[in-house]
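Below is upload00.txt, holding compact mmCIF, C-alpha atoms.
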# COMPACT_ATOMS: atom_id res chain seq x y z
CA MET M 1 -59.79 -9.71 76.06
CA ASP M 2 -62.83 -8.37 77.90
CA PRO M 3 -65.67 -10.80 78.40
CA VAL M 4 -68.33 -10.57 75.71
CA LYS M 5 -71.33 -8.46 76.63
CA ILE M 6 -74.53 -10.48 76.75
CA LEU M 7 -77.97 -8.89 76.40
CA ASP M 8 -81.31 -10.60 76.86
CA VAL M 9 -83.75 -9.36 74.24
CA LYS M 10 -87.38 -10.33 74.21
CA GLU M 11 -89.85 -10.18 71.40
CA SER M 12 -92.64 -7.66 71.91
CA ILE M 13 -95.86 -8.70 70.24
CA LEU M 14 -97.32 -5.22 70.63
CA ASN M 15 -94.77 -3.54 68.45
CA ASP M 16 -95.31 -2.96 64.71
CA ASN M 17 -92.25 -4.70 63.31
CA ASP M 18 -92.33 -3.26 59.79
CA GLU M 19 -92.61 0.28 61.09
CA THR M 20 -89.79 -0.22 63.59
CA ALA M 21 -87.65 -1.78 60.85
CA GLU M 22 -88.17 1.20 58.53
CA GLN M 23 -87.36 3.64 61.32
CA PHE M 24 -84.26 1.71 62.36
CA ARG M 25 -83.08 1.53 58.74
CA LYS M 26 -83.27 5.34 58.58
CA GLU M 27 -81.30 5.68 61.81
CA LEU M 28 -78.63 3.37 60.41
CA LYS M 29 -78.51 5.36 57.18
CA ALA M 30 -78.06 8.61 59.12
CA LYS M 31 -75.11 7.05 60.95
CA GLY M 32 -73.65 5.59 57.75
CA VAL M 33 -73.97 2.00 59.00
CA PHE M 34 -74.83 -0.82 56.58
CA LEU M 35 -76.74 -3.69 58.20
CA LEU M 36 -76.43 -7.23 56.87
CA ASN M 37 -78.86 -9.91 58.07
CA LEU M 38 -76.99 -13.23 57.89
CA MET M 39 -79.31 -16.23 58.07
CA GLY M 40 -79.08 -20.00 57.69
CA SER M 41 -79.75 -23.37 59.27
CA PRO M 42 -78.04 -24.57 62.42
CA GLY M 43 -74.59 -25.72 61.36
CA ALA M 44 -74.66 -24.09 57.92
CA GLY M 45 -71.46 -22.30 58.90
CA LYS M 46 -72.70 -18.79 59.68
CA THR M 47 -70.02 -18.05 62.26
CA SER M 48 -67.11 -19.44 60.28
CA THR M 49 -68.33 -17.48 57.25
CA LEU M 50 -68.53 -14.37 59.38
CA LEU M 51 -64.93 -14.87 60.49
CA ARG M 52 -63.89 -15.07 56.81
CA ILE M 53 -65.86 -11.89 56.06
CA ILE M 54 -64.21 -10.07 58.97
CA ASP M 55 -60.80 -11.22 57.85
CA ALA M 56 -61.38 -10.04 54.28
CA LEU M 57 -63.03 -6.71 55.05
CA LYS M 58 -61.67 -5.44 58.36
CA GLY M 59 -58.95 -3.46 56.59
CA GLU M 60 -61.57 -1.45 54.67
CA PHE M 61 -64.56 -1.29 56.99
CA ARG M 62 -65.08 -0.86 60.71
CA ILE M 63 -67.17 -3.92 61.49
CA GLY M 64 -69.57 -4.71 64.31
CA VAL M 65 -71.22 -8.05 64.98
CA MET M 66 -74.41 -9.00 66.81
CA GLU M 67 -74.67 -12.70 67.55
CA ALA M 68 -78.22 -13.85 68.12
CA ASP M 69 -78.73 -17.19 69.81
CA VAL M 70 -81.29 -18.82 72.01
CA ASP M 71 -78.45 -19.59 74.39
CA SER M 72 -74.62 -19.72 74.71
CA SER M 73 -72.04 -17.18 73.64
CA VAL M 74 -69.58 -19.38 71.77
CA ASP M 75 -70.12 -17.49 68.49
CA ALA M 76 -69.63 -14.06 70.03
CA GLU M 77 -66.40 -15.15 71.65
CA LYS M 78 -65.05 -16.26 68.28
CA ALA M 79 -66.02 -12.96 66.66
CA ALA M 80 -64.54 -10.98 69.55
CA ALA M 81 -61.28 -12.89 69.12
CA ALA M 82 -61.25 -11.69 65.49
CA GLY M 83 -60.95 -8.15 66.83
CA VAL M 84 -64.31 -6.56 66.03
CA ARG M 85 -66.98 -4.95 68.20
CA VAL M 86 -69.36 -7.68 69.35
CA ILE M 87 -72.48 -8.25 71.38
CA GLN M 88 -74.20 -11.53 72.16
CA LEU M 89 -77.99 -11.39 72.12
CA HIS M 90 -80.04 -14.07 73.82
CA THR M 91 -83.49 -14.29 72.31
CA GLY M 92 -85.20 -15.88 75.31
CA GLY M 93 -86.34 -18.92 73.36
CA SER M 94 -87.42 -16.93 70.31
CA CYS M 95 -86.46 -18.47 66.98
CA HIS M 96 -85.62 -15.19 65.25
CA MET M 97 -84.63 -11.57 65.67
CA ASP M 98 -87.08 -8.75 65.03
CA ALA M 99 -86.43 -5.06 64.39
CA GLU M 100 -86.86 -3.90 67.98
CA MET M 101 -84.59 -6.64 69.35
CA THR M 102 -81.99 -5.66 66.75
CA ARG M 103 -82.29 -1.96 67.59
CA ARG M 104 -81.92 -2.67 71.31
CA GLY M 105 -78.84 -4.76 70.65
CA ALA M 106 -77.34 -1.99 68.51
CA GLU M 107 -78.00 0.61 71.20
CA GLU M 108 -76.45 -1.54 73.88
CA MET M 109 -73.38 -2.34 71.77
CA GLY M 110 -72.91 1.15 70.36
CA ILE M 111 -72.69 1.38 66.57
CA ASP M 112 -71.30 4.90 66.09
CA GLY M 113 -68.37 4.85 63.72
CA LEU M 114 -69.17 1.46 62.23
CA ASP M 115 -69.37 0.92 58.46
CA LEU M 116 -70.73 -2.60 58.48
CA LEU M 117 -72.92 -4.22 61.10
CA VAL M 118 -73.63 -7.94 60.71
CA VAL M 119 -76.41 -9.72 62.57
CA GLU M 120 -75.88 -13.45 62.74
CA ASN M 121 -79.49 -14.51 63.12
CA VAL M 122 -80.76 -17.60 64.98
CA GLY M 123 -80.08 -20.82 63.03
CA ASN M 124 -83.42 -21.39 61.35
CA LEU M 125 -84.83 -21.29 57.80
CA VAL M 126 -88.39 -20.39 58.76
CA CYS M 127 -88.87 -17.64 61.34
CA PRO M 128 -85.96 -15.26 60.59
CA ALA M 129 -87.26 -14.89 57.02
CA GLU M 130 -90.54 -13.49 58.32
CA PHE M 131 -88.99 -10.50 60.08
CA ASP M 132 -87.54 -7.36 58.58
CA ILE M 133 -84.88 -6.39 61.14
CA GLY M 134 -84.04 -3.13 59.38
CA ALA M 135 -81.26 -4.65 57.30
CA ASN M 136 -80.00 -3.29 53.99
CA ARG M 137 -79.46 -6.78 52.64
CA ARG M 138 -80.43 -10.33 53.55
CA ALA M 139 -77.96 -13.15 52.93
CA GLU M 140 -78.94 -16.80 53.22
CA ILE M 141 -76.16 -19.29 53.89
CA LEU M 142 -77.01 -22.79 52.76
CA SER M 143 -74.48 -25.58 53.10
CA VAL M 144 -74.06 -28.42 50.63
CA PRO M 145 -74.87 -31.20 53.16
CA GLU M 146 -78.34 -29.70 53.66
CA GLY M 147 -79.34 -30.68 50.14
CA ASP M 148 -80.32 -29.01 46.88
CA ASP M 149 -84.07 -29.18 47.59
CA LYS M 150 -84.17 -26.66 50.45
CA PRO M 151 -85.63 -23.77 48.36
CA LEU M 152 -88.68 -25.99 47.78
CA LYS M 153 -89.25 -26.46 51.50
CA TYR M 154 -88.39 -23.03 52.85
CA PRO M 155 -90.00 -20.72 50.30
CA LEU M 156 -89.99 -17.42 52.16
CA MET M 157 -86.29 -17.60 52.97
CA PHE M 158 -85.42 -17.97 49.30
CA GLU M 159 -88.03 -15.44 48.17
CA THR M 160 -86.56 -12.76 50.41
CA ALA M 161 -82.81 -13.47 50.35
CA ASP M 162 -80.79 -11.04 48.23
CA VAL M 163 -77.99 -13.56 47.81
CA VAL M 164 -77.36 -17.23 48.53
CA PHE M 165 -73.95 -18.10 49.93
CA LEU M 166 -73.45 -21.83 49.29
CA ASN M 167 -71.03 -23.08 51.93
CA LYS M 168 -69.04 -26.34 52.31
CA ILE M 169 -68.53 -26.60 48.56
CA ASP M 170 -65.37 -28.63 49.35
CA THR M 171 -67.61 -31.52 50.45
CA ILE M 172 -69.84 -31.64 47.37
CA ARG M 173 -68.46 -34.97 46.16
CA TYR M 174 -69.58 -36.70 49.37
CA PHE M 175 -73.21 -35.59 49.06
CA ASP M 176 -75.99 -35.97 46.50
CA PHE M 177 -76.07 -32.29 45.72
CA ASN M 178 -76.87 -31.33 42.15
CA MET M 179 -75.86 -27.77 41.38
CA ASP M 180 -78.18 -27.46 38.38
CA HIS M 181 -81.17 -28.59 40.45
CA PHE M 182 -80.19 -26.21 43.21
CA ALA M 183 -79.89 -23.26 40.82
CA ALA M 184 -83.30 -24.09 39.33
CA ASN M 185 -84.86 -24.40 42.79
CA VAL M 186 -83.41 -21.06 43.89
CA LYS M 187 -84.62 -19.46 40.67
CA SER M 188 -88.12 -20.86 41.17
CA ARG M 189 -88.37 -18.79 44.36
CA ARG M 190 -86.77 -15.59 43.11
CA SER M 191 -85.18 -15.12 39.76
CA GLY M 192 -81.86 -13.37 39.56
CA THR M 193 -80.60 -14.31 43.02
CA GLU M 194 -76.85 -14.82 42.82
CA ILE M 195 -75.48 -18.08 44.23
CA ILE M 196 -71.91 -17.91 45.49
CA PRO M 197 -70.29 -21.29 46.20
CA TYR M 198 -67.46 -21.23 48.71
CA SER M 199 -65.92 -23.02 51.65
CA ALA M 200 -65.38 -21.21 54.92
CA LYS M 201 -63.15 -24.12 55.89
CA THR M 202 -60.71 -24.14 52.96
CA GLY M 203 -61.13 -20.48 52.03
CA GLU M 204 -62.10 -21.30 48.43
CA GLY M 205 -64.52 -18.68 47.08
CA CYS M 206 -64.50 -16.59 50.27
CA ASP M 207 -63.13 -13.63 48.30
CA ARG M 208 -66.31 -13.66 46.21
CA VAL M 209 -68.49 -13.65 49.32
CA ALA M 210 -66.55 -10.68 50.69
CA GLU M 211 -66.72 -8.94 47.32
CA TRP M 212 -70.51 -9.28 47.20
CA ILE M 213 -70.77 -7.63 50.62
CA ARG M 214 -68.24 -4.92 49.74
CA ASN M 215 -70.21 -4.05 46.59
CA ALA M 216 -73.48 -3.94 48.53
CA VAL M 217 -72.02 -1.56 51.12
CA LEU M 218 -70.52 0.72 48.47
CA GLU M 219 -73.68 0.67 46.35
CA ASP M 220 -75.76 1.63 49.35
CA ARG M 221 -73.49 4.56 50.17
CA LYS M 222 -74.06 6.00 46.70
CA SER M 223 -77.84 5.92 47.09
CA ILE M 224 -78.24 8.78 49.53
CA MET B 1 -99.81 -44.55 43.07
CA ASP B 2 -102.50 -42.15 44.25
CA PRO B 3 -101.43 -38.57 44.68
CA VAL B 4 -100.43 -37.72 48.24
CA LYS B 5 -103.14 -36.08 50.30
CA ILE B 6 -102.22 -32.56 51.36
CA LEU B 7 -103.84 -30.84 54.32
CA ASP B 8 -103.38 -27.23 55.37
CA VAL B 9 -103.15 -27.01 59.13
CA LYS B 10 -103.02 -23.74 61.00
CA GLU B 11 -101.85 -23.03 64.48
CA SER B 12 -104.58 -21.90 66.86
CA ILE B 13 -103.31 -19.57 69.53
CA LEU B 14 -106.48 -20.00 71.58
CA ASN B 15 -105.99 -23.69 72.15
CA ASP B 16 -104.26 -25.03 75.29
CA ASN B 17 -101.53 -27.11 73.67
CA ASP B 18 -100.49 -29.17 76.68
CA GLU B 19 -104.06 -30.17 77.40
CA THR B 20 -104.72 -31.11 73.77
CA ALA B 21 -101.47 -33.08 73.71
CA GLU B 22 -102.44 -35.09 76.82
CA GLN B 23 -105.88 -35.81 75.40
CA PHE B 24 -104.49 -36.83 72.00
CA ARG B 25 -101.92 -39.10 73.66
CA LYS B 26 -104.78 -40.89 75.45
CA GLU B 27 -106.69 -41.30 72.18
CA LEU B 28 -103.58 -42.78 70.56
CA LYS B 29 -103.11 -45.13 73.50
CA ALA B 30 -106.70 -46.31 73.21
CA LYS B 31 -106.11 -47.09 69.54
CA GLY B 32 -102.77 -48.77 70.23
CA VAL B 33 -100.86 -46.26 68.12
CA PHE B 34 -97.34 -45.18 69.15
CA LEU B 35 -96.46 -41.65 68.05
CA LEU B 36 -92.86 -40.65 67.34
CA ASN B 37 -91.96 -36.98 66.93
CA LEU B 38 -88.98 -36.84 64.57
CA MET B 39 -87.20 -33.50 64.66
CA GLY B 40 -84.03 -31.98 63.24
CA SER B 41 -82.51 -29.16 61.22
CA PRO B 42 -83.23 -28.63 57.54
CA GLY B 43 -81.09 -31.13 55.70
CA ALA B 44 -80.23 -33.28 58.73
CA GLY B 45 -81.66 -36.24 56.83
CA LYS B 46 -85.04 -36.69 58.48
CA THR B 47 -86.74 -38.09 55.39
CA SER B 48 -83.96 -40.46 54.39
CA THR B 49 -83.80 -41.69 57.99
CA LEU B 50 -87.54 -42.24 57.91
CA LEU B 51 -87.20 -44.32 54.76
CA ARG B 52 -84.61 -46.47 56.54
CA ILE B 53 -86.94 -46.83 59.54
CA ILE B 54 -89.84 -47.84 57.29
CA ASP B 55 -87.67 -50.35 55.50
CA ALA B 56 -86.48 -51.91 58.76
CA LEU B 57 -89.81 -51.98 60.59
CA LYS B 58 -92.57 -52.34 58.03
CA GLY B 59 -92.53 -56.13 58.37
CA GLU B 60 -93.36 -55.87 62.09
CA PHE B 61 -95.43 -52.71 62.41
CA ARG B 62 -98.13 -51.04 60.38
CA ILE B 63 -96.62 -47.59 59.88
CA GLY B 64 -98.16 -44.22 59.12
CA VAL B 65 -96.30 -41.02 58.31
CA MET B 66 -97.25 -37.36 58.63
CA GLU B 67 -94.90 -35.06 56.79
CA ALA B 68 -94.99 -31.49 58.12
CA ASP B 69 -93.55 -28.78 55.93
CA VAL B 70 -94.09 -25.11 55.34
CA ASP B 71 -94.46 -25.97 51.67
CA SER B 72 -93.89 -28.72 49.08
CA SER B 73 -94.74 -32.41 49.24
CA VAL B 74 -91.47 -33.96 48.12
CA ASP B 75 -90.99 -35.80 51.43
CA ALA B 76 -94.49 -37.26 51.48
CA GLU B 77 -94.09 -38.56 47.96
CA LYS B 78 -90.92 -40.41 48.97
CA ALA B 79 -92.63 -41.94 52.01
CA ALA B 80 -95.68 -42.92 49.94
CA ALA B 81 -93.39 -44.64 47.46
CA ALA B 82 -92.07 -46.71 50.39
CA GLY B 83 -95.55 -48.16 50.74
CA VAL B 84 -96.88 -46.68 53.98
CA ARG B 85 -99.91 -44.55 54.79
CA VAL B 86 -98.93 -40.90 54.35
CA ILE B 87 -100.30 -37.42 54.63
CA GLN B 88 -98.55 -34.14 53.84
CA LEU B 89 -99.30 -31.30 56.24
CA HIS B 90 -98.64 -27.72 55.25
CA THR B 91 -98.14 -25.54 58.30
CA GLY B 92 -99.05 -22.24 56.66
CA GLY B 93 -95.73 -20.62 57.47
CA SER B 94 -95.58 -22.00 61.00
CA CYS B 95 -92.18 -23.31 62.07
CA HIS B 96 -93.50 -26.27 64.05
CA MET B 97 -96.37 -28.66 64.63
CA ASP B 98 -98.57 -28.42 67.70
CA ALA B 99 -100.90 -31.00 69.23
CA GLU B 100 -104.08 -29.81 67.51
CA MET B 101 -102.41 -29.66 64.09
CA THR B 102 -101.12 -33.19 64.66
CA ARG B 103 -104.52 -34.45 65.75
CA ARG B 104 -106.19 -32.89 62.72
CA GLY B 105 -103.64 -34.52 60.44
CA ALA B 106 -104.20 -37.89 62.11
CA GLU B 107 -107.97 -37.59 61.72
CA GLU B 108 -107.68 -36.66 58.09
CA MET B 109 -105.25 -39.48 57.31
CA GLY B 110 -106.98 -42.12 59.42
CA ILE B 111 -104.80 -43.92 61.93
CA ASP B 112 -106.96 -46.93 62.84
CA GLY B 113 -104.95 -50.11 62.66
CA LEU B 114 -101.57 -48.41 62.78
CA ASP B 115 -98.88 -49.49 65.25
CA LEU B 116 -96.42 -46.69 64.64
CA LEU B 117 -97.16 -43.16 63.53
CA VAL B 118 -94.19 -40.93 62.74
CA VAL B 119 -94.44 -37.15 62.45
CA GLU B 120 -91.58 -35.65 60.51
CA ASN B 121 -91.64 -32.19 62.02
CA VAL B 122 -90.63 -28.94 60.29
CA GLY B 123 -86.85 -28.65 59.88
CA ASN B 124 -85.95 -26.47 62.84
CA LEU B 125 -84.11 -26.83 66.17
CA VAL B 126 -86.02 -24.16 68.08
CA CYS B 127 -89.80 -24.11 67.72
CA PRO B 128 -90.64 -27.83 67.40
CA ALA B 129 -88.97 -28.44 70.77
CA GLU B 130 -91.42 -26.09 72.45
CA PHE B 131 -94.53 -28.05 71.52
CA ASP B 132 -95.77 -31.33 72.91
CA ILE B 133 -97.62 -32.84 69.94
CA GLY B 134 -98.90 -35.80 71.96
CA ALA B 135 -95.97 -38.03 71.05
CA ASN B 136 -94.74 -41.00 73.09
CA ARG B 137 -91.13 -40.23 72.26
CA ARG B 138 -89.14 -37.37 70.80
CA ALA B 139 -86.17 -38.12 68.57
CA GLU B 140 -83.70 -35.45 67.50
CA ILE B 141 -81.72 -36.09 64.34
CA LEU B 142 -78.49 -34.16 64.20
CA SER B 143 -76.09 -34.59 61.31
CA VAL B 144 -72.31 -34.50 61.58
CA PRO B 145 -71.88 -31.48 59.22
CA GLU B 146 -73.95 -29.34 61.61
CA GLY B 147 -71.22 -29.49 64.24
CA ASP B 148 -70.67 -30.88 67.73
CA ASP B 149 -71.64 -27.62 69.47
CA LYS B 150 -75.35 -27.65 68.62
CA PRO B 151 -76.54 -28.78 72.09
CA LEU B 152 -75.02 -25.56 73.46
CA LYS B 153 -77.03 -23.40 71.09
CA TYR B 154 -80.35 -25.22 71.03
CA PRO B 155 -80.85 -26.13 74.68
CA LEU B 156 -84.53 -27.04 74.73
CA MET B 157 -84.23 -29.48 71.85
CA PHE B 158 -81.54 -31.43 73.66
CA GLU B 159 -83.25 -31.12 77.04
CA THR B 160 -86.43 -32.69 75.70
CA ALA B 161 -85.20 -35.26 73.16
CA ASP B 162 -85.39 -38.87 74.36
CA VAL B 163 -82.70 -39.95 71.91
CA VAL B 164 -80.20 -38.32 69.54
CA PHE B 165 -79.80 -39.98 66.15
CA LEU B 166 -76.46 -38.77 64.78
CA ASN B 167 -76.70 -38.95 61.00
CA LYS B 168 -74.07 -38.71 58.21
CA ILE B 169 -71.48 -40.49 60.33
CA ASP B 170 -69.85 -41.61 57.06
CA THR B 171 -68.70 -38.00 56.51
CA ILE B 172 -67.10 -37.47 59.92
CA ARG B 173 -63.56 -37.36 58.57
CA TYR B 174 -64.40 -34.35 56.37
CA PHE B 175 -65.69 -32.23 59.23
CA ASP B 176 -64.33 -30.92 62.54
CA PHE B 177 -66.69 -33.00 64.61
CA ASN B 178 -65.37 -34.28 67.91
CA MET B 179 -67.46 -37.14 69.24
CA ASP B 180 -66.27 -36.69 72.83
CA HIS B 181 -67.18 -33.01 72.80
CA PHE B 182 -70.54 -33.83 71.28
CA ALA B 183 -71.30 -36.47 73.92
CA ALA B 184 -70.33 -34.04 76.68
CA ASN B 185 -72.50 -31.29 75.15
CA VAL B 186 -75.49 -33.63 74.86
CA LYS B 187 -74.97 -34.78 78.44
CA SER B 188 -74.80 -31.18 79.67
CA ARG B 189 -78.39 -30.73 78.50
CA ARG B 190 -79.81 -34.05 79.65
CA SER B 191 -77.82 -36.86 81.15
CA GLY B 192 -78.47 -40.37 79.95
CA THR B 193 -79.64 -39.48 76.46
CA GLU B 194 -78.48 -42.20 74.10
CA ILE B 195 -76.59 -41.08 70.98
CA ILE B 196 -76.86 -43.42 68.01
CA PRO B 197 -74.41 -42.71 65.17
CA TYR B 198 -75.52 -43.92 61.74
CA SER B 199 -75.66 -43.05 58.08
CA ALA B 200 -78.98 -43.04 56.25
CA LYS B 201 -76.94 -42.93 53.06
CA THR B 202 -74.70 -45.97 53.55
CA GLY B 203 -77.01 -47.84 55.92
CA GLU B 204 -74.35 -48.13 58.64
CA GLY B 205 -75.95 -48.11 62.09
CA CYS B 206 -79.52 -47.88 60.77
CA ASP B 207 -80.36 -51.18 62.46
CA ARG B 208 -79.60 -49.55 65.82
CA VAL B 209 -81.90 -46.62 65.03
CA ALA B 210 -84.68 -49.04 64.12
CA GLU B 211 -83.99 -51.10 67.21
CA TRP B 212 -84.32 -48.08 69.47
CA ILE B 213 -87.72 -47.31 67.97
CA ARG B 214 -88.82 -50.97 68.12
CA ASN B 215 -87.89 -51.14 71.82
CA ALA B 216 -89.74 -47.90 72.55
CA VAL B 217 -92.92 -49.16 70.85
CA LEU B 218 -92.79 -52.51 72.66
CA GLU B 219 -91.98 -50.88 76.00
CA ASP B 220 -94.94 -48.57 75.62
CA ARG B 221 -97.29 -51.43 74.88
CA LYS B 222 -96.36 -53.10 78.15
CA SER B 223 -97.20 -49.98 80.17
CA ILE B 224 -100.96 -50.10 79.86
Could I get this file's structure written as C-alpha cells?
Amino acid sequence: MDPVKILDVKESILNDNDETAEQFRKELKAKGVFLLNLMGSPGAGKTSTLLRIIDALKGEFRIGVMEADVDSSVDAEKAAAAGVRVIQLHTGGSCHMDAEMTRRGAEEMGIDGLDLLVVENVGNLVCPAEFDIGANRRAEILSVPEGDDKPLKYPLMFETADVVFLNKIDTIRYFDFNMDHFAANVKSRRSGTEIIPYSAKTGEGCDRVAEWIRNAVLEDRKSI
Amino acid sequence: MDPVKILDVKESILNDNDETAEQFRKELKAKGVFLLNLMGSPGAGKTSTLLRIIDALKGEFRIGVMEADVDSSVDAEKAAAAGVRVIQLHTGGSCHMDAEMTRRGAEEMGIDGLDLLVVENVGNLVCPAEFDIGANRRAEILSVPEGDDKPLKYPLMFETADVVFLNKIDTIRYFDFNMDHFAANVKSRRSGTEIIPYSAKTGEGCDRVAEWIRNAVLEDRKSI
C-alpha cells in the first residue's frame, strides 16, 4: 500500500465561504460526485462508521475519502486499508473544514470518476457546523456515551444536520441515555430529522446508515 | 433557588489574549482565588465531574463555577443545585473561552472570598486549548468511550494540559481502550502528565481527582 498523501490546508479569512461552497457544489454536480460532510465529537466513532459505510457501499459506488484532522494520519490509513481513494488533510490547528480547504483537498486527491466523496470533518460539535463545505448532505454522528442532552448545548449542529446517526447503541444500558428525551431534544432543534441508531462496533443498524446515504446519493442524481 | 444568572460574552478579536490572561491571573492571585480551566469533549462528563469535585471539596474551599456553553443553562442549574456560586456564560457561537470573556464572567458573578474558581469550558478538544484564560491549571477530561488515540489527534490539548482526568473508567470493558497505548500517547505529547482514571458515575477514583485539585490549590498558595 502506498503511503497516504498528506496535504496541509489553511483557512483563508479573505475568502467568501458561502460563495466558494456554492461554486464547489456546482463543480461536484458537473462531475457527478455526491459530497457528504460527516461530523461529530472526538471519539463519536466517525472513522469506524466510515469503514462500515465503505464496506456496505463500495460495491455500488466509487468512494473517495478526505480525512480532516488537526494532526496525525491514523484515520486516513484505516480508510486507505479499506481500499478507497484517500487523502489526509491537516487543518493547521483549525477546528473545522471550510469550502476552500475542501476544494483544495479534492483537487489534490483527484475526484474524477467518484460517485461518493466523504469528508470526515474535525471532531468538534461547534465550528464544523458553521461552515458550508459544499456538501450535498450533512450527517451528525452522536454516540450514546455523550448523552441525550447534546442538542441543547450544540444548537447549530442539530439545526443544520440532515440526519443524526446515533452510534454505540450497543452500550446504551451502561449509560443514562433516554431515547425519548434525545428524540425530543433533536426535534426541538429541527423537526423531521431522522435518527438512526446503530453500532459501528457490532454492525447492528449499519445497513440503515448505508441505506440513508444510498438514498441521498440516488435522490440527488435525479434532481439534475 | 434563584434562577441562574446568564451572561452573554463575546470574543473580541482586538484584544491581546495572552496579556489579558497574565493580568487576570495577577488579579486572581491578589484575591487569593485559584482558577481551574476544565476542558474536554462534548459528553466527556465535565459537569458530572464538577459535581463530584464540589462534593469532595466544598467543606474545605469556597467554590465558584462558571459554565461556558454555546447555548442552554442545564449545566449551571446542576452546579447551582450543588450549592456553589454559579454563572452561566453563553459564548455567542464561539467554541472556546478567552481571557477577557472569563474576566467579564468573573466580574459579573463576583469572586471575592472564593478559594477555587472552576471554568467548565465549551465541549471541544481544539479551540479551548489555544486560549490562556488566566487559569492556574488546565485539566483535560477524556472519557474512555472516546478512545485511546485522542492525544494523537488533538495535540495542543495534550501538550498544554497539566493533568488528564480519565472518566467513565467503569465502562472500559465495553470499549477497545488500551490503557498502555493511552499512556504512551499522552506521554508523546507531554511527558510527566499524570493520568487519573475515575468514574463520575460510580464515584470510583473521584477522591484522587479531588486530591489533585486540592494539592494544586495548596501548592499555589505557597508560591506567593
Given 5 Å on each side, where is the centre and what are the edge lengths in Å to one decimal of the axis-aligned box enclosing the listed atoms of range 71-90 of chain M, as lines of an AutoDock Vina configuration file?
center_x = -70.5
center_y = -12.3
center_z = 70.1
size_x = 29.1
size_y = 24.8
size_z = 19.2
Exercise for review: Kindly provide, as a PyMOL selection string, the residues of chain B having any atom no farther than 10 Å from an atom of chain M, counting only C-alpha atoms.
Suggested key: chain B and resi 40-45+69-75+93-96+122-127+130+142-156+168+170-171+174-176+201
Review point. Lys78 in chain B: which residues within 12 Å, counting only C-alpha atoms, same-chain residues fewer than 4 positions away excluded, as a PyMOL selection string?
Key: chain B and resi 1+3-4+46-52+54+65-67+73-74+82-88
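Restricting the calculation to all atoms listed in the file, the smallest distance between Leu28 in chain B and any of B:Val9, B:Ile195, B:Leu116, B:Met101 is found for B:Leu116.
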Point to revise | Residue among B:Ala56, B:Val119, B:Ala21, B:Ala183 lying closest to Ala139 in chain B, counting only C-alpha atoms | key: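 Closest to Ala139 in chain B, using only C-alpha atoms: B:Val119.
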**Study point:** Point-to-point distance in Å for CA of Ala200 in chain B and CA of Leu7 in chain B
**Key:**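 Taking CA of Leu7 in chain B and CA of Ala200 in chain B, their separation equals 27.8 Å.
Taking CA of Val217 in chain B and CA of Lys31 in chain B as endpoints, the distance between them is 13.4 Å.
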Review point. How many Å lie between CA of Leu38 in chain M and CA of Asn121 in chain M, rounded to one decimal?
Key: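 Taking CA of Leu38 in chain M and CA of Asn121 in chain M, their separation equals 5.9 Å.
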Point to revise | Contact residues around Ile196 in chain M with all atoms listed in the file at 8 Å, ignoring same-chain residues under 5 positions, as a VMD selection string | key: chain M and resid 163 to 166 205 208 to 209
Practice item. Name all residues at most 7 Å from Asp162 in chain M (count all atoms listed in the file; drop same-chain ones fewer than 5 positions away) and give them as an MDAnalysis selection string. Key: chainID M and resid 137:139 193
Go ahead and write the selection's residues with C-alpha atoms as a short mmCIF file (atom, residue, chain, number, x, y, z; two decimals), in the frame of the given file.
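Full text of again.cif as output:
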data_model
loop_
_atom_site.label_atom_id
_atom_site.label_comp_id
_atom_site.auth_asym_id
_atom_site.auth_seq_id
_atom_site.Cartn_x
_atom_site.Cartn_y
_atom_site.Cartn_z
CA ARG M 137 -79.46 -6.78 52.64
CA ARG M 138 -80.43 -10.33 53.55
CA ALA M 139 -77.96 -13.15 52.93
CA THR M 193 -80.60 -14.31 43.02
#
Point to revise | Shell around Asp98 in chain B at 12 Å using all atoms listed in the file, local window under 2 positions removed, as number ranges by chain | key: B: 9-13, 15-22, 24, 37, 68, 89, 91, 94-96, 100-105, 119, 121-122, 127-135
Point to revise | For Gly92 in chain B, the nearest of the candidates B:Glu140, B:Asp115, B:Asp8, B:Glu120, counting all atoms listed in the file | key: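 Using all atoms listed in the file, the shortest distance to Gly92 in chain B belongs to B:Asp8.
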Check your understanding: Quick one: of B:Glu27, B:Met179, B:Thr202, B:Leu218, who's nearest to Glu107 in chain B, counting only C-alpha atoms?
Key ->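 Under the stated criterion, the closest residue is B:Glu27.
Residues near the point (-68.3, -5.1, 58.9), at a distance of 7 Å or less over only C-alpha atoms, make up M:Ile54, M:Leu57, M:Lys58, M:Phe61, M:Arg62, M:Ile63, M:Gly64, M:Asp115, M:Leu116, M:Leu117, M:Val118.
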